[in-house]
$ cat start_25.cif   # mmCIF, C-alpha atoms
data_model
#
loop_
_atom_site.group_PDB
_atom_site.id
_atom_site.type_symbol
_atom_site.label_atom_id
_atom_site.label_comp_id
_atom_site.auth_asym_id
_atom_site.auth_seq_id
_atom_site.Cartn_x
_atom_site.Cartn_y
_atom_site.Cartn_z
ATOM 1 C CA MET A 8 99.081 -68.347 88.863
ATOM 2 C CA GLU A 9 101.764 -68.552 91.535
ATOM 3 C CA LYS A 10 101.705 -71.553 93.885
ATOM 4 C CA ILE A 11 103.136 -71.113 97.365
ATOM 5 C CA LEU A 12 103.892 -73.839 99.909
ATOM 6 C CA VAL A 13 104.184 -72.769 103.559
ATOM 7 C CA ILE A 14 105.818 -75.356 105.809
ATOM 8 C CA SER A 15 105.073 -75.316 109.535
ATOM 9 C CA PRO A 16 106.917 -77.728 111.841
ATOM 10 C CA HIS A 17 104.020 -77.507 114.314
ATOM 11 C CA THR A 18 100.513 -76.138 114.129
ATOM 12 C CA ASP A 19 100.639 -72.330 114.626
ATOM 13 C CA ASP A 20 104.319 -71.744 113.667
ATOM 14 C CA VAL A 21 103.474 -70.356 110.233
ATOM 15 C CA GLU A 22 100.475 -68.337 111.423
ATOM 16 C CA LEU A 23 102.660 -66.640 114.049
ATOM 17 C CA ALA A 24 105.611 -66.006 111.764
ATOM 18 C CA CYS A 25 103.950 -64.989 108.522
ATOM 19 C CA GLY A 26 100.175 -65.080 108.845
ATOM 20 C CA GLY A 27 99.930 -61.555 107.454
ATOM 21 C CA THR A 28 101.982 -62.509 104.405
ATOM 22 C CA ILE A 29 99.733 -65.506 103.758
ATOM 23 C CA ALA A 30 96.630 -63.310 103.991
ATOM 24 C CA LYS A 31 98.213 -60.886 101.511
ATOM 25 C CA PHE A 32 99.210 -63.665 99.092
ATOM 26 C CA ILE A 33 95.660 -65.013 99.067
ATOM 27 C CA LYS A 34 94.265 -61.516 98.532
ATOM 28 C CA GLN A 35 96.555 -61.363 95.478
ATOM 29 C CA SER A 36 94.951 -64.596 94.150
ATOM 30 C CA LYS A 37 98.013 -66.747 94.777
ATOM 31 C CA ILE A 38 97.336 -70.403 95.644
ATOM 32 C CA VAL A 39 98.646 -71.209 99.121
ATOM 33 C CA TYR A 40 99.249 -74.737 100.433
ATOM 34 C CA TYR A 41 99.854 -75.312 104.148
ATOM 35 C CA VAL A 42 101.717 -78.256 105.685
ATOM 36 C CA ALA A 43 102.137 -78.767 109.451
ATOM 37 C CA PHE A 44 104.181 -81.789 110.486
ATOM 38 C CA SER A 45 102.983 -82.076 114.101
ATOM 39 C CA ASP A 46 99.646 -81.356 115.752
ATOM 40 C CA CYS A 47 101.463 -81.305 119.134
ATOM 41 C CA GLN A 48 99.006 -83.508 121.005
ATOM 42 C CA ASP A 49 101.464 -83.928 123.886
ATOM 43 C CA THR A 50 101.459 -80.203 124.677
ATOM 44 C CA LEU A 51 97.799 -80.279 125.718
ATOM 45 C CA LEU A 52 98.700 -82.027 129.000
ATOM 46 C CA GLY A 53 95.393 -83.894 129.095
ATOM 47 C CA LYS A 54 93.470 -80.647 129.499
ATOM 48 C CA PHE A 55 91.933 -80.749 126.005
ATOM 49 C CA PRO A 56 90.870 -83.509 123.571
ATOM 50 C CA LYS A 57 93.836 -84.654 121.463
ATOM 51 C CA GLU A 58 92.283 -83.317 118.232
ATOM 52 C CA THR A 59 91.974 -79.776 119.626
ATOM 53 C CA LEU A 60 95.057 -78.221 118.031
ATOM 54 C CA ARG A 61 94.300 -79.873 114.697
ATOM 55 C CA LYS A 62 90.812 -78.334 114.733
ATOM 56 C CA GLU A 63 92.171 -74.962 115.816
ATOM 57 C CA CYS A 64 94.716 -75.077 112.999
ATOM 58 C CA LYS A 65 92.030 -75.821 110.413
ATOM 59 C CA LYS A 66 90.002 -72.871 111.697
ATOM 60 C CA ALA A 67 93.036 -70.568 111.726
ATOM 61 C CA THR A 68 94.101 -71.431 108.181
ATOM 62 C CA ARG A 69 90.524 -70.956 106.938
ATOM 63 C CA THR A 70 90.535 -67.539 108.595
ATOM 64 C CA LEU A 71 93.648 -66.621 106.587
ATOM 65 C CA GLY A 72 91.889 -67.809 103.431
ATOM 66 C CA ILE A 73 93.600 -71.166 102.832
ATOM 67 C CA GLN A 74 91.225 -73.735 101.352
ATOM 68 C CA ASN A 75 90.623 -76.887 103.405
ATOM 69 C CA LYS A 76 91.762 -79.074 100.519
ATOM 70 C CA ASN A 77 95.137 -77.272 100.560
ATOM 71 C CA CYS A 78 95.746 -77.742 104.301
ATOM 72 C CA PHE A 79 97.675 -80.843 105.439
ATOM 73 C CA ILE A 80 98.339 -81.669 109.102
ATOM 74 C CA PHE A 81 100.417 -84.657 110.214
ATOM 75 C CA ASN A 82 101.130 -86.189 113.625
ATOM 76 C CA PHE A 83 104.909 -86.492 113.672
ATOM 77 C CA THR A 84 106.122 -86.569 117.271
ATOM 78 C CA ASN A 85 106.690 -83.114 118.748
ATOM 79 C CA LYS A 86 110.388 -82.540 119.680
ATOM 80 C CA HIS A 87 111.411 -85.885 118.156
ATOM 81 C CA PHE A 88 111.708 -84.954 114.483
ATOM 82 C CA TYR A 89 115.350 -86.059 114.551
ATOM 83 C CA LYS A 90 114.058 -89.651 114.705
ATOM 84 C CA GLU A 91 111.773 -89.096 111.723
ATOM 85 C CA SER A 92 113.836 -86.833 109.495
ATOM 86 C CA ARG A 93 113.807 -89.281 106.574
ATOM 87 C CA GLN A 94 110.017 -89.534 106.691
ATOM 88 C CA ILE A 95 109.804 -85.742 106.735
ATOM 89 C CA PHE A 96 112.112 -85.620 103.712
ATOM 90 C CA ASP A 97 109.886 -88.121 101.894
ATOM 91 C CA LYS A 98 106.732 -86.100 102.666
ATOM 92 C CA LEU A 99 108.364 -82.946 101.333
ATOM 93 C CA GLU A 100 109.355 -84.813 98.160
ATOM 94 C CA GLU A 101 105.720 -85.849 97.745
ATOM 95 C CA PHE A 102 104.567 -82.243 98.046
ATOM 96 C CA LYS A 103 107.253 -81.041 95.639
ATOM 97 C CA ASN A 104 105.998 -83.464 92.998
ATOM 98 C CA LEU A 105 102.312 -82.923 93.771
ATOM 99 C CA ILE A 106 102.260 -79.128 94.010
ATOM 100 C CA LYS A 107 105.349 -77.987 92.077
ATOM 101 C CA PRO A 108 105.437 -74.751 94.093
ATOM 102 C CA ASP A 109 107.006 -71.540 92.828
ATOM 103 C CA LEU A 110 107.877 -70.380 96.346
ATOM 104 C CA VAL A 111 108.417 -72.224 99.636
ATOM 105 C CA LEU A 112 108.377 -70.654 103.119
ATOM 106 C CA ILE A 113 110.379 -72.494 105.790
ATOM 107 C CA PRO A 114 111.766 -71.882 109.312
ATOM 108 C CA SER A 115 114.847 -69.674 109.657
ATOM 109 C CA LEU A 116 118.414 -70.903 109.318
ATOM 110 C CA SER A 117 119.049 -69.455 112.794
ATOM 111 C CA ASP A 118 116.095 -71.150 114.496
ATOM 112 C CA THR A 119 117.318 -72.997 117.598
ATOM 113 C CA HIS A 120 114.296 -75.309 117.970
ATOM 114 C CA GLY A 121 115.388 -78.824 117.013
ATOM 115 C CA ASP A 122 112.243 -79.691 115.081
ATOM 116 C CA HIS A 123 112.426 -76.427 113.135
ATOM 117 C CA GLY A 124 116.052 -77.129 112.233
ATOM 118 C CA ILE A 125 115.157 -80.564 110.839
ATOM 119 C CA VAL A 126 112.380 -79.095 108.688
ATOM 120 C CA ASN A 127 114.638 -76.281 107.479
ATOM 121 C CA ARG A 128 117.444 -78.612 106.387
ATOM 122 C CA GLN A 129 115.188 -81.173 104.751
ATOM 123 C CA ALA A 130 113.191 -78.515 102.902
ATOM 124 C CA ILE A 131 116.331 -76.838 101.545
ATOM 125 C CA THR A 132 117.590 -80.220 100.335
ATOM 126 C CA VAL A 133 114.289 -81.121 98.658
ATOM 127 C CA PHE A 134 113.617 -77.755 96.978
ATOM 128 C CA ARG A 135 117.198 -76.584 96.397
ATOM 129 C CA ARG A 136 117.195 -76.819 92.601
ATOM 130 C CA THR A 137 113.730 -75.917 91.429
ATOM 131 C CA THR A 138 112.102 -73.490 93.828
ATOM 132 C CA SER A 139 112.522 -70.069 95.399
ATOM 133 C CA ILE A 140 112.906 -70.421 99.175
ATOM 134 C CA ILE A 141 112.536 -67.805 101.901
ATOM 135 C CA ALA A 142 112.729 -68.372 105.655
ATOM 136 C CA TYR A 143 110.445 -66.846 108.270
ATOM 137 C CA GLU A 144 111.202 -65.445 111.707
ATOM 138 C CA GLN A 145 110.216 -66.573 115.208
ATOM 139 C CA PRO A 146 112.029 -64.257 117.657
ATOM 140 C CA TRP A 147 111.604 -66.535 120.677
ATOM 141 C CA SER A 148 113.716 -69.251 119.050
ATOM 142 C CA ASN A 149 115.906 -67.305 116.582
ATOM 143 C CA ILE A 150 119.484 -66.154 117.102
ATOM 144 C CA GLY A 151 120.800 -63.571 114.670
ATOM 145 C CA PHE A 152 117.856 -63.400 112.249
ATOM 146 C CA SER A 153 118.756 -61.050 109.358
ATOM 147 C CA PRO A 154 115.856 -60.336 106.993
ATOM 148 C CA PHE A 155 116.729 -59.159 103.486
ATOM 149 C CA SER A 156 113.208 -59.528 102.125
ATOM 150 C CA PHE A 157 110.108 -57.838 103.506
ATOM 151 C CA VAL A 158 106.380 -58.080 102.845
ATOM 152 C CA GLU A 159 104.476 -54.884 103.603
ATOM 153 C CA LEU A 160 101.199 -55.579 105.385
ATOM 154 C CA SER A 161 97.983 -53.599 105.512
ATOM 155 C CA GLU A 162 95.757 -53.091 108.530
ATOM 156 C CA GLU A 163 93.436 -55.699 106.996
ATOM 157 C CA ASP A 164 96.282 -58.223 106.699
ATOM 158 C CA MET A 165 97.192 -57.715 110.356
ATOM 159 C CA LYS A 166 93.596 -58.062 111.517
ATOM 160 C CA LYS A 167 93.290 -61.301 109.606
ATOM 161 C CA LYS A 168 96.540 -62.589 111.125
ATOM 162 C CA TYR A 169 95.398 -61.810 114.644
ATOM 163 C CA ARG A 170 91.940 -63.310 114.061
ATOM 164 C CA ALA A 171 93.689 -66.493 112.909
ATOM 165 C CA LEU A 172 95.853 -66.559 116.039
ATOM 166 C CA LYS A 173 92.795 -66.108 118.232
ATOM 167 C CA CYS A 174 91.555 -69.455 116.866
ATOM 168 C CA TYR A 175 94.244 -71.100 119.025
ATOM 169 C CA GLN A 176 92.327 -70.910 122.285
ATOM 170 C CA THR A 177 94.620 -73.557 123.782
ATOM 171 C CA GLN A 178 97.640 -71.306 123.369
ATOM 172 C CA HIS A 179 95.825 -68.407 124.985
ATOM 173 C CA TYR A 180 94.774 -70.748 127.800
ATOM 174 C CA PHE A 181 98.432 -71.647 128.395
ATOM 175 C CA LYS A 182 99.289 -67.918 128.254
ATOM 176 C CA ARG A 183 101.913 -68.211 125.514
ATOM 177 C CA SER A 184 103.532 -64.776 125.538
ATOM 178 C CA TYR A 185 104.114 -64.790 121.780
ATOM 179 C CA PHE A 186 100.335 -64.831 121.230
ATOM 180 C CA ASP A 187 99.970 -61.484 123.014
ATOM 181 C CA LYS A 188 98.341 -58.894 120.754
ATOM 182 C CA ASP A 189 100.764 -56.125 121.712
ATOM 183 C CA PHE A 190 103.699 -58.390 120.853
ATOM 184 C CA ILE A 191 102.233 -59.437 117.477
ATOM 185 C CA TYR A 192 101.539 -55.859 116.423
ATOM 186 C CA GLY A 193 104.776 -54.490 117.889
ATOM 187 C CA TRP A 194 106.823 -57.097 116.022
ATOM 188 C CA ALA A 195 105.101 -56.180 112.738
ATOM 189 C CA ARG A 196 105.621 -52.470 113.407
ATOM 190 C CA MET A 197 109.323 -53.021 114.084
ATOM 191 C CA ARG A 198 109.770 -54.803 110.743
ATOM 192 C CA GLY A 199 107.575 -52.201 109.063
ATOM 193 C CA MET A 200 109.844 -49.424 110.337
ATOM 194 C CA GLN A 201 112.713 -51.012 108.414
ATOM 195 C CA ILE A 202 110.920 -50.426 105.102
ATOM 196 C CA ASN A 203 109.120 -47.176 105.971
ATOM 197 C CA ALA A 204 105.766 -48.929 106.335
ATOM 198 C CA LYS A 205 103.376 -49.341 109.244
ATOM 199 C CA TYR A 206 103.522 -53.152 109.284
ATOM 200 C CA ALA A 207 105.665 -55.827 107.659
ATOM 201 C CA GLU A 208 107.019 -59.359 108.034
ATOM 202 C CA GLY A 209 110.667 -60.109 107.327
ATOM 203 C CA PHE A 210 112.313 -63.109 105.652
ATOM 204 C CA GLU A 211 115.753 -64.537 104.987
ATOM 205 C CA VAL A 212 116.387 -65.231 101.320
ATOM 206 C CA ILE A 213 117.702 -68.768 100.819
ATOM 207 C CA LYS A 214 117.234 -68.852 97.046
ATOM 208 C CA TYR A 215 115.286 -66.563 94.764
ATOM 209 C CA ILE A 216 114.673 -67.641 91.174
ATOM 210 C CA ILE A 217 113.528 -65.204 88.486
ATOM 211 C CA ARG A 218 112.207 -66.858 85.348
#
$ encode --input "start_25.cif" --output "structure tokens"
Amino acid sequence: MEKILVISPHTDDVELACGGTIAKFIKQSKIVYYVAFSDCQDTLLGKFPKETLRKECKKATRTLGIQNKNCFIFNFTNKHFYKESRQIFDKLEEFKNLIKPDLVLIPSLSDTHGDHGIVNRQAITVFRRTTSIIAYEQPWSNIGFSPFSFVELSEEDMKKKYRALKCYQTQHYFKRSYFDKDFIYGWARMRGMQINAKYAEGFEVIKYIIR
């Protein structure tokens, strides 16, 4: 049974980028593990209890079908991953040895967010020899994203993705434009058009191993 590790620099990154793909993987009986390195307490600006995003993330990942025991959320400092890159490397090594994943999903090579870049580079270093690696898209922080792998999504997959995103009430409170329903569905339809499907999510292929 295939084991998949999805790596999210912050809570919600993975759900936004590839929540539909995760829902599809779980529907296909693949085992999905979720790791978020920061619960972004500082972004709440004192308007919500500091555990709010962590709780929202747990609810969102459950909505996608990820088991609680396979969901790991850490409190690395948002926007300061460059100070903690070695600790992030060590955590990824732990997960490599613990899970032995067949496939890892990471941020894009062209992602301009500093934290995402740290996670991308450390994950490629850790998993470079043993594991297939694909990188997901976040249009608001990507420059020149070129997907060569696509996952076709059903209406059910998309509904599950959007239900998961609705769990992040804080992000809707702050009116994050990338949580807008029209944007989420339009993005999936644009990628779907590239493979003659209604909906899809696109990925860069870093390494793909066929055994």
$ axis_aligned_box --input "start_25.cif" --around "segment 183-199 of chain A" --padding-each-side "4 Å" --output "lines of an AutoDock Vina configuration file"
center_x = 104.1
center_y = -60.2
center_z = 117.3
size_x = 19.4
size_y = 24.0
size_z = 24.5
$ closest_residue --input "start_25.cif" --among "A:Ile125, A:Leu52, A:Cys64, A:Ala24" --to "Tyr89 of chain A" --atoms "all atoms listed in the file"
A:Ile125
$ atom_distance --input "start_25.cif" --atom1 "atom CA of Lys86 of chain A" --atom2 "atom CA of His120 of chain A"
8.4 Å
$ resolve_selection --input "start_25.cif" --expression "the PyMOL selection byres ((chain A and resi 19) around 9)" --output "list in words"
Ser15, Pro16, His17, Thr18, Asp20, Val21, Glu22, Leu23, Ala24, Ala43, Leu60, Glu63, Cys64, Ala67, Leu172 and Tyr175 of chain A
$ residues_around --input "start_25.cif" --residues "Glu91 of chain A" --least-positions-apart "5" --cutoff "12 Å" --atoms "only C-alpha atoms" --output "list of chain:residue names"
A:Phe44, A:Ser45, A:Asn82, A:Phe83, A:Thr84, A:Asn85, A:Lys86, A:Phe96, A:Asp97, A:Lys98, A:Asp122, A:Ile125, A:Val126, A:Gln129
$ closest_atom_pairs --input "start_25.cif" --of "segment 119-179 of chain A" --to "segment 107-110 of chain A" --cutoff "12 Å" --atoms "only C-alpha atoms" --output "JSON lines"
{"residue": "A:Ala130", "atom": "CA", "partner": "A:Leu110", "partner_atom": "CA", "distance": 11.7}
{"residue": "A:Ile131", "atom": "CA", "partner": "A:Leu110", "partner_atom": "CA", "distance": 11.8}
{"residue": "A:Val133", "atom": "CA", "partner": "A:Lys107", "partner_atom": "CA", "distance": 11.5}
{"residue": "A:Phe134", "atom": "CA", "partner": "A:Pro108", "partner_atom": "CA", "distance": 9.2}
{"residue": "A:Arg135", "atom": "CA", "partner": "A:Leu110", "partner_atom": "CA", "distance": 11.2}
{"residue": "A:Arg136", "atom": "CA", "partner": "A:Asp109", "partner_atom": "CA", "distance": 11.5}
{"residue": "A:Thr137", "atom": "CA", "partner": "A:Asp109", "partner_atom": "CA", "distance": 8.1}
{"residue": "A:Thr138", "atom": "CA", "partner": "A:Asp109", "partner_atom": "CA", "distance": 5.5}
{"residue": "A:Ser139", "atom": "CA", "partner": "A:Leu110", "partner_atom": "CA", "distance": 4.8}
{"residue": "A:Ile140", "atom": "CA", "partner": "A:Leu110", "partner_atom": "CA", "distance": 5.8}
{"residue": "A:Ile141", "atom": "CA", "partner": "A:Leu110", "partner_atom": "CA", "distance": 7.7}
{"residue": "A:Ala142", "atom": "CA", "partner": "A:Leu110", "partner_atom": "CA", "distance": 10.7}
$ residues_around --input "start_25.cif" --residues "Phe210 of chain A" --least-positions-apart "5" --cutoff "7 Å" --atoms "only C-alpha atoms" --output "MDAnalysis selection string"
chainID A and resid 141:144 154:157
$ resolve_selection --input "start_25.cif" --expression "the PyMOL selection byres ((chain A and resi 75) around 12)" --output "MDAnalysis selection string"
chainID A and resid 39:42 62 64:74 76:80
$ closest_atom_pairs --input "start_25.cif" --of "segment 78-148 of chain A" --to "segment 177-187 of chain A" --cutoff "12 Å" --atoms "all atoms listed in the file" --output "JSON lines"
{"residue": "A:Gln145", "atom": "CA", "partner": "A:Tyr185", "partner_atom": "CA", "distance": 9.1}
{"residue": "A:Pro146", "atom": "CA", "partner": "A:Tyr185", "partner_atom": "CA", "distance": 8.9}
{"residue": "A:Trp147", "atom": "CA", "partner": "A:Tyr185", "partner_atom": "CA", "distance": 7.8}
{"residue": "A:Ser148", "atom": "CA", "partner": "A:Tyr185", "partner_atom": "CA", "distance": 10.9}
